[in-house]
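So this block is run10.cif, mmCIF, C-alpha atoms:
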```cif
data_coords
loop_
_atom_site.label_atom_id
_atom_site.label_comp_id
_atom_site.auth_asym_id
_atom_site.auth_seq_id
_atom_site.Cartn_x
_atom_site.Cartn_y
_atom_site.Cartn_z
CA MET J 10 -3.28 -13.70 18.04
CA ILE J 11 0.34 -13.14 16.99
CA THR J 12 2.10 -10.41 18.95
CA LYS J 13 5.34 -8.54 18.33
CA ALA J 14 6.92 -10.43 21.21
CA ARG J 15 5.83 -13.72 19.71
CA MET J 16 7.35 -12.79 16.35
CA LYS J 17 10.79 -12.36 17.97
CA GLU J 18 10.62 -15.95 19.20
CA LEU J 19 9.94 -17.34 15.73
CA PRO J 20 12.68 -19.02 13.66
CA LYS J 21 14.41 -16.54 11.36
CA ASP J 22 13.00 -18.23 8.25
CA GLU J 23 9.44 -17.54 9.35
CA ARG J 24 9.72 -13.93 10.40
CA PRO J 25 8.91 -12.20 7.07
CA TYR J 26 5.63 -14.12 6.88
CA GLU J 27 4.70 -13.21 10.45
CA LYS J 28 5.85 -9.63 9.97
CA CYS J 29 3.44 -9.38 7.04
CA LEU J 30 0.59 -10.66 9.23
CA ILE J 31 1.29 -8.13 11.96
CA TYR J 32 2.27 -5.00 10.00
CA GLY J 33 1.09 -5.63 6.45
CA PRO J 34 3.11 -6.27 3.26
CA TRP J 35 4.06 -2.60 2.82
CA LYS J 36 6.33 -2.90 5.87
CA LEU J 37 8.43 -5.63 4.27
CA SER J 38 11.67 -4.97 2.40
CA ASP J 39 12.13 -6.29 -1.14
CA ALA J 40 14.13 -9.22 0.21
CA GLU J 41 11.47 -9.99 2.83
CA LEU J 42 8.69 -9.91 0.25
CA LEU J 43 10.61 -12.33 -1.95
CA ALA J 44 11.42 -14.47 1.10
CA VAL J 45 7.70 -14.90 1.81
CA ILE J 46 7.31 -16.39 -1.66
CA LEU J 47 10.42 -18.60 -1.39
CA ARG J 48 9.34 -19.80 2.09
CA SER J 49 12.61 -21.56 2.91
CA GLY J 50 16.32 -20.94 2.60
CA SER J 51 19.24 -23.30 2.21
CA ALA J 52 21.62 -24.95 4.66
CA GLY J 53 23.08 -22.18 6.79
CA ASN J 54 21.09 -19.42 5.09
CA SER J 55 17.65 -18.10 5.94
CA CYS J 56 15.03 -17.41 3.29
CA VAL J 57 15.85 -13.70 3.63
CA ASP J 58 19.52 -14.46 2.95
CA LEU J 59 18.51 -16.48 -0.08
CA ALA J 60 16.23 -13.67 -1.30
CA ASN J 61 19.12 -11.23 -1.03
CA GLU J 62 21.28 -13.57 -3.11
CA VAL J 63 18.61 -13.63 -5.81
CA LEU J 64 18.30 -9.82 -5.80
CA LYS J 65 22.05 -9.48 -6.29
CA ALA J 66 22.43 -12.22 -8.91
CA SER J 67 21.76 -10.26 -12.11
CA ARG J 68 24.83 -8.79 -13.80
CA LEU J 69 22.64 -6.20 -15.54
CA GLU J 70 20.63 -4.77 -12.67
CA GLU J 71 20.40 -5.40 -8.94
CA GLY J 72 17.19 -5.55 -6.99
CA LEU J 73 13.72 -6.58 -8.09
CA LEU J 74 14.30 -5.45 -11.68
CA GLY J 75 17.16 -7.91 -11.88
CA ILE J 76 14.63 -10.76 -11.76
CA TYR J 77 13.58 -9.87 -15.31
CA HIS J 78 17.12 -10.51 -16.53
CA LEU J 79 17.71 -13.86 -14.83
CA SER J 80 17.00 -17.03 -16.78
CA MET J 81 15.74 -20.23 -15.19
CA GLN J 82 19.23 -21.70 -15.56
CA GLU J 83 20.89 -18.70 -13.90
CA LEU J 84 18.47 -18.81 -11.00
CA GLN J 85 19.15 -22.49 -10.41
CA GLN J 86 22.86 -21.78 -10.14
CA ILE J 87 22.13 -19.92 -6.88
CA LYS J 88 22.59 -22.24 -3.90
CA GLY J 89 19.17 -23.02 -2.48
CA VAL J 90 17.22 -22.27 -5.67
CA GLY J 91 15.92 -25.36 -7.39
CA GLN J 92 13.48 -25.70 -10.26
CA VAL J 93 10.41 -24.96 -8.13
CA LYS J 94 11.82 -21.75 -6.65
CA ALA J 95 13.13 -20.66 -10.07
CA VAL J 96 9.63 -21.06 -11.54
CA GLN J 97 8.13 -19.09 -8.63
CA ILE J 98 10.60 -16.23 -9.11
CA LYS J 99 10.04 -16.03 -12.88
CA CYS J 100 6.28 -16.06 -12.35
CA ILE J 101 6.59 -13.14 -9.92
CA GLY J 102 8.32 -11.12 -12.64
CA GLU J 103 5.72 -12.01 -15.25
CA LEU J 104 2.84 -11.30 -12.87
CA SER J 105 4.21 -7.85 -12.06
CA LYS J 106 4.40 -7.03 -15.79
CA ARG J 107 0.81 -8.07 -16.35
CA ILE J 108 -0.50 -6.18 -13.33
CA SER J 109 1.28 -3.04 -14.52
CA SER J 110 -0.08 -3.28 -18.07
CA ARG J 111 -3.61 -4.18 -16.97
CA GLY J 112 -3.99 -0.81 -15.26
CA THR J 113 -3.29 1.03 -18.51
CA ARG J 114 -5.44 -1.14 -20.83
CA ASN J 115 -8.63 0.86 -20.25
CA LYS J 116 -6.76 4.06 -21.12
CA LEU J 117 -5.73 2.84 -24.58
CA ASP J 118 -6.40 5.44 -27.26
CA PHE J 119 -5.25 4.28 -30.68
CA ASN J 120 -4.94 7.85 -31.87
CA ASN J 121 -2.58 8.60 -28.99
CA PRO J 122 0.79 6.74 -29.16
CA ASP J 123 1.55 7.71 -25.57
CA THR J 124 -1.22 5.46 -24.23
CA ILE J 125 -0.02 2.54 -26.35
CA ALA J 126 3.57 3.01 -25.20
CA ASN J 127 2.43 3.13 -21.57
CA TYR J 128 0.49 -0.10 -22.03
CA TYR J 129 3.48 -2.05 -23.35
CA MET J 130 6.27 -0.30 -21.48
CA GLU J 131 6.62 -2.71 -18.55
CA LEU J 132 6.09 -5.73 -20.78
CA LEU J 133 8.87 -4.77 -23.17
CA ARG J 134 11.43 -2.45 -21.62
CA HIS J 135 13.19 -5.22 -19.69
CA GLU J 136 13.43 -7.61 -22.64
CA GLU J 137 16.96 -8.52 -23.72
CA GLN J 138 15.85 -9.47 -27.24
CA GLU J 139 13.75 -7.53 -29.71
CA LYS J 140 10.13 -8.58 -29.57
CA ILE J 141 7.61 -7.45 -32.19
CA ILE J 142 3.94 -7.24 -31.29
CA CYS J 143 1.10 -6.58 -33.72
CA MET J 144 -2.09 -4.95 -32.43
CA MET J 145 -5.11 -5.70 -34.61
CA LEU J 146 -8.09 -3.36 -34.78
CA ASP J 147 -11.53 -3.41 -36.38
CA THR J 148 -13.28 -0.70 -38.39
CA LYS J 149 -14.18 1.16 -35.16
CA ASN J 150 -10.59 1.04 -33.86
CA GLN J 151 -11.51 -1.52 -31.24
CA LEU J 152 -8.75 -3.91 -30.25
CA LEU J 153 -9.42 -7.39 -31.61
CA GLY J 154 -6.25 -8.81 -30.14
CA ASP J 155 -2.50 -8.61 -30.14
CA MET J 156 0.21 -11.18 -30.58
CA VAL J 157 3.96 -11.56 -30.56
CA LEU J 158 5.08 -12.08 -34.15
CA THR J 159 8.74 -12.72 -33.60
CA MET J 160 11.64 -12.47 -31.19
CA GLY J 161 15.05 -11.62 -32.54
CA THR J 162 18.59 -11.21 -31.37
CA VAL J 163 19.79 -8.34 -29.19
CA ASN J 164 20.47 -6.24 -32.29
CA SER J 165 17.81 -7.16 -34.81
CA SER J 166 14.59 -9.03 -35.40
CA LEU J 167 13.34 -10.76 -38.51
CA LEU J 168 9.76 -9.87 -39.40
CA SER J 169 7.93 -11.50 -42.26
CA PRO J 170 5.18 -9.27 -43.75
CA ARG J 171 3.55 -12.47 -44.99
CA GLU J 172 3.31 -13.86 -41.43
CA LEU J 173 2.04 -10.51 -40.14
CA PHE J 174 -0.81 -10.21 -42.64
CA ILE J 175 -1.81 -13.86 -42.31
CA GLU J 176 -2.47 -13.15 -38.63
CA ALA J 177 -4.18 -9.81 -39.36
CA ILE J 178 -6.54 -11.48 -41.83
CA ARG J 179 -7.23 -14.30 -39.38
CA PHE J 180 -8.36 -11.66 -36.84
CA HIS J 181 -10.39 -9.85 -39.55
CA ALA J 182 -8.38 -6.72 -38.79
CA VAL J 183 -8.66 -3.61 -40.95
CA HIS J 184 -6.00 -1.63 -39.05
CA ILE J 185 -2.77 -2.72 -37.40
CA ILE J 186 -0.22 -1.10 -35.10
CA LEU J 187 3.27 -2.49 -34.66
CA VAL J 188 5.07 -2.24 -31.33
CA HIS J 189 8.59 -3.40 -30.66
CA ASN J 190 11.36 -2.82 -28.17
CA HIS J 191 14.99 -1.80 -28.41
CA PRO J 192 16.99 -3.71 -25.76
CA SER J 193 19.54 -0.89 -25.74
CA GLY J 194 16.93 1.35 -24.11
CA ASP J 195 17.21 3.91 -26.95
CA SER J 196 13.93 4.16 -28.85
CA SER J 197 15.38 5.96 -31.88
CA PRO J 198 14.36 4.12 -35.08
CA SER J 199 17.09 2.41 -37.06
CA ALA J 200 17.29 2.49 -40.85
CA GLU J 201 16.05 -1.12 -40.80
CA ASP J 202 13.04 -0.13 -38.65
CA ILE J 203 12.05 2.53 -41.16
CA GLN J 204 12.59 0.25 -44.13
CA VAL J 205 10.51 -2.59 -42.68
CA THR J 206 7.75 -0.14 -41.70
CA LYS J 207 7.46 1.24 -45.22
CA ARG J 208 7.45 -2.27 -46.72
CA ILE J 209 4.64 -3.38 -44.40
CA GLN J 210 2.72 -0.16 -45.05
CA LYS J 211 2.81 -0.73 -48.83
CA ALA J 212 1.83 -4.39 -48.49
CA GLY J 213 -1.06 -3.41 -46.24
CA GLU J 214 -2.36 -0.93 -48.81
CA LEU J 215 -2.69 -3.74 -51.34
CA LEU J 216 -4.62 -5.87 -48.86
CA GLY J 217 -6.82 -3.09 -47.49
CA ILE J 218 -5.19 -3.26 -44.05
CA THR J 219 -3.86 0.07 -42.80
CA LEU J 220 -0.70 0.36 -40.73
CA LEU J 221 -1.63 3.13 -38.29
CA ASP J 222 1.69 3.40 -36.50
CA HIS J 223 4.91 1.66 -35.52
CA ILE J 224 5.92 2.40 -31.94
CA ILE J 225 9.39 1.62 -30.62
CA ILE J 226 9.75 1.09 -26.88
CA GLY J 227 12.95 2.04 -25.05
CA ASP J 228 13.64 2.30 -21.34
CA HIS J 229 10.98 4.72 -20.10
CA CYS J 230 10.85 6.31 -23.56
CA TYR J 231 9.26 5.60 -26.92
CA THR J 232 9.24 6.80 -30.52
CA SER J 233 6.16 6.85 -32.72
CA LEU J 234 7.08 6.61 -36.39
CA LEU J 235 3.71 8.24 -37.14
CA GLU J 236 4.59 11.28 -35.02
CA GLN J 237 8.01 11.36 -36.69
CA GLY J 238 6.35 11.46 -40.12
CA LEU J 239 7.91 8.12 -41.08
CA THR J 240 4.67 6.23 -41.80
#
```
Representation of the structure as structure tokens:
Amino acid sequence: MITKARMKELPKDERPYEKCLIYGPWKLSDAELLAVILRSGSAGNSCVDLANEVLKASRLEEGLLGIYHLSMQELQQIKGVGQVKAVQIKCIGELSKRISSRGTRNKLDFNNPDTIANYYMELLRHEEQEKIICMMLDTKNQLLGDMVLTMGTVNSSLLSPRELFIEAIRFHAVHIILVHNHPSGDSSPSAEDIQVTKRIQKAGELLGITLLDHIIIGDHCYTSLLEQGLT
């Protein structure tokens, strides 16, 4: 059995792991949690030191949220982070997004934009490019599936109605809901957002596929074009 005294005798690199065994993961700092995943540091630096370097590396946001903003290339520029560690770190970020969204999936109510925004909030609010997702529903408003249609630049995204409805027909959808993010964090719809929404709405009417809503995700905020009377 590992004791507290024994933990003090362990090499510095191993202590976060042993601390987790003795006290539980909730006792670990952010850097220590990340250090457990990284497992080893670099020459002259412990794994905790390396974890701290990773948490400070993002120019946009320090701490765990900064991981979302670091590319594989940026991570590998940190001394001690090679390809394997970079992949591990990026997978941690993606896993946290999916865990967060999974908890809200059962609460989805397609007549309530708030539940939809909550479902996609963690997946989208950290994105640095616009990402457009189409949710496809059947006649009973059951979710058939969703998919990313396009990713754009920081300021705009190109969405082809033709591509959108090809996918909707492939899923046998009769209703669709569009969800996309604004990297600025401001969920206010742009003139382009409104224009594209109306164009897709009219095209859907011809095909018998109803656009129920277009929800824009900001940073801990959202705008429903349906609630704004813009669809």
For this session: Convert the output of the PyMOL selection byres ((chain J and resi 147) around 9) on the shown file into explicit residues, formatted as number ranges by chain.
Result: J: 145-146, 148-153, 180-185
For this session: Work out how far apart CA of Ile46 in chain J and CA of Arg107 in chain J are and give it in Å to one decimal.
Result: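 That distance, rounded to one decimal, is 18.1 Å.
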Once the PyMOL selection byres ((chain J and resi 25) around 12) has been applied to the shown file, what residues remain in the selection, as a JSON list (two decimals) with C-alpha atoms, in the coordinates of the input?
```
[["chain", "number", "residue", "atom", "x", "y", "z"],
["J", 16, "MET", "CA", 7.35, -12.79, 16.35],
["J", 17, "LYS", "CA", 10.79, -12.36, 17.97],
["J", 19, "LEU", "CA", 9.94, -17.34, 15.73],
["J", 20, "PRO", "CA", 12.68, -19.02, 13.66],
["J", 21, "LYS", "CA", 14.41, -16.54, 11.36],
["J", 22, "ASP", "CA", 13.00, -18.23, 8.25],
["J", 23, "GLU", "CA", 9.44, -17.54, 9.35],
["J", 24, "ARG", "CA", 9.72, -13.93, 10.40],
["J", 26, "TYR", "CA", 5.63, -14.12, 6.88],
["J", 27, "GLU", "CA", 4.70, -13.21, 10.45],
["J", 28, "LYS", "CA", 5.85, -9.63, 9.97],
["J", 29, "CYS", "CA", 3.44, -9.38, 7.04],
["J", 30, "LEU", "CA", 0.59, -10.66, 9.23],
["J", 31, "ILE", "CA", 1.29, -8.13, 11.96],
["J", 32, "TYR", "CA", 2.27, -5.00, 10.00],
["J", 33, "GLY", "CA", 1.09, -5.63, 6.45],
["J", 34, "PRO", "CA", 3.11, -6.27, 3.26],
["J", 35, "TRP", "CA", 4.06, -2.60, 2.82],
["J", 36, "LYS", "CA", 6.33, -2.90, 5.87],
["J", 37, "LEU", "CA", 8.43, -5.63, 4.27],
["J", 38, "SER", "CA", 11.67, -4.97, 2.40],
["J", 39, "ASP", "CA", 12.13, -6.29, -1.14],
["J", 40, "ALA", "CA", 14.13, -9.22, 0.21],
["J", 41, "GLU", "CA", 11.47, -9.99, 2.83],
["J", 42, "LEU", "CA", 8.69, -9.91, 0.25],
["J", 43, "LEU", "CA", 10.61, -12.33, -1.95],
["J", 44, "ALA", "CA", 11.42, -14.47, 1.10],
["J", 45, "VAL", "CA", 7.70, -14.90, 1.81],
["J", 46, "ILE", "CA", 7.31, -16.39, -1.66],
["J", 47, "LEU", "CA", 10.42, -18.60, -1.39],
["J", 48, "ARG", "CA", 9.34, -19.80, 2.09],
["J", 49, "SER", "CA", 12.61, -21.56, 2.91],
["J", 55, "SER", "CA", 17.65, -18.10, 5.94],
["J", 56, "CYS", "CA", 15.03, -17.41, 3.29],
["J", 57, "VAL", "CA", 15.85, -13.70, 3.63],
["J", 58, "ASP", "CA", 19.52, -14.46, 2.95],
["J", 60, "ALA", "CA", 16.23, -13.67, -1.30]]
```
Problem set entry | Which of J:Lys140, J:Lys65, J:Lys106, J:Lys116 sits closest to Met160 in chain J [using only C-alpha atoms] |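 Of J:Lys140, J:Lys65, J:Lys106, J:Lys116, the one nearest Met160 in chain J is J:Lys140, counting only C-alpha atoms.
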Exercise. Using only C-alpha atoms, which of the listed residues (J:Cys143, J:Asp118, J:Arg134, J:Glu70) sits closest to Ser169 in chain J?
Worked result: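 Among the listed residues, J:Cys143 lies closest to Ser169 in chain J.
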Would you compute an axis-aligned box for range 55-73 of chain J, covering every atom listed for it in the file with 6 Å of margin on each side, and report centre and edge lengths in Å to one decimal as AutoDock Vina command-line options?
```
--center_x 19.3 --center_y -11.4 --center_z -4.8 --size_x 23.1 --size_y 25.3 --size_z 33.5
```
Exercise. Hey, what's within 12 Å of Ile108 in chain J if we count only C-alpha atoms and toss same-chain stuff fewer than 6 positions away? As a list in words, please?
Worked result: Ile101, Gly102, Arg114, Tyr128, Tyr129, Glu131 and Leu132 of chain J
Residues just named, written with C-alpha atoms as a compact mmCIF listing (two decimals), keeping the file's coordinate frame:
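selection.txt written:
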```txt
# COMPACT_ATOMS: atom_id res chain seq x y z
CA ILE J 101 6.59 -13.14 -9.92
CA GLY J 102 8.32 -11.12 -12.64
CA ARG J 114 -5.44 -1.14 -20.83
CA TYR J 128 0.49 -0.10 -22.03
CA TYR J 129 3.48 -2.05 -23.35
CA GLU J 131 6.62 -2.71 -18.55
CA LEU J 132 6.09 -5.73 -20.78
```
Exercise. Of the candidates J:Leu133, J:Ile141, J:Leu59, J:Leu215, which one gets nearest to Cys230 in chain J if we count only C-alpha atoms?
Worked result: J:Leu133
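Every protein, DNA or RNA residue with an atom at most 12 Å from Gly238 in chain J, where only C-alpha atoms count and chain neighbours fewer than 3 positions away do not, is listed here: J:Pro198, J:Ile203, J:Thr206, J:Lys207, J:Leu221, J:Asp222, J:His223, J:Thr232, J:Ser233, J:Leu234, J:Leu235.
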For this session: Report as a PyMOL selection string the residues that result from applying the PyMOL selection byres ((chain J and resi 137) around 7) to the structure here.
Result: chain J and resi 135-136+138-139+163+192
Problem set entry | Atomic separation - CA of Lys211 in chain J relative to CA of Asn121 in chain J, Å |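 Straight-line distance from CA of Asn121 in chain J to CA of Lys211 in chain J works out to 22.6 Å.
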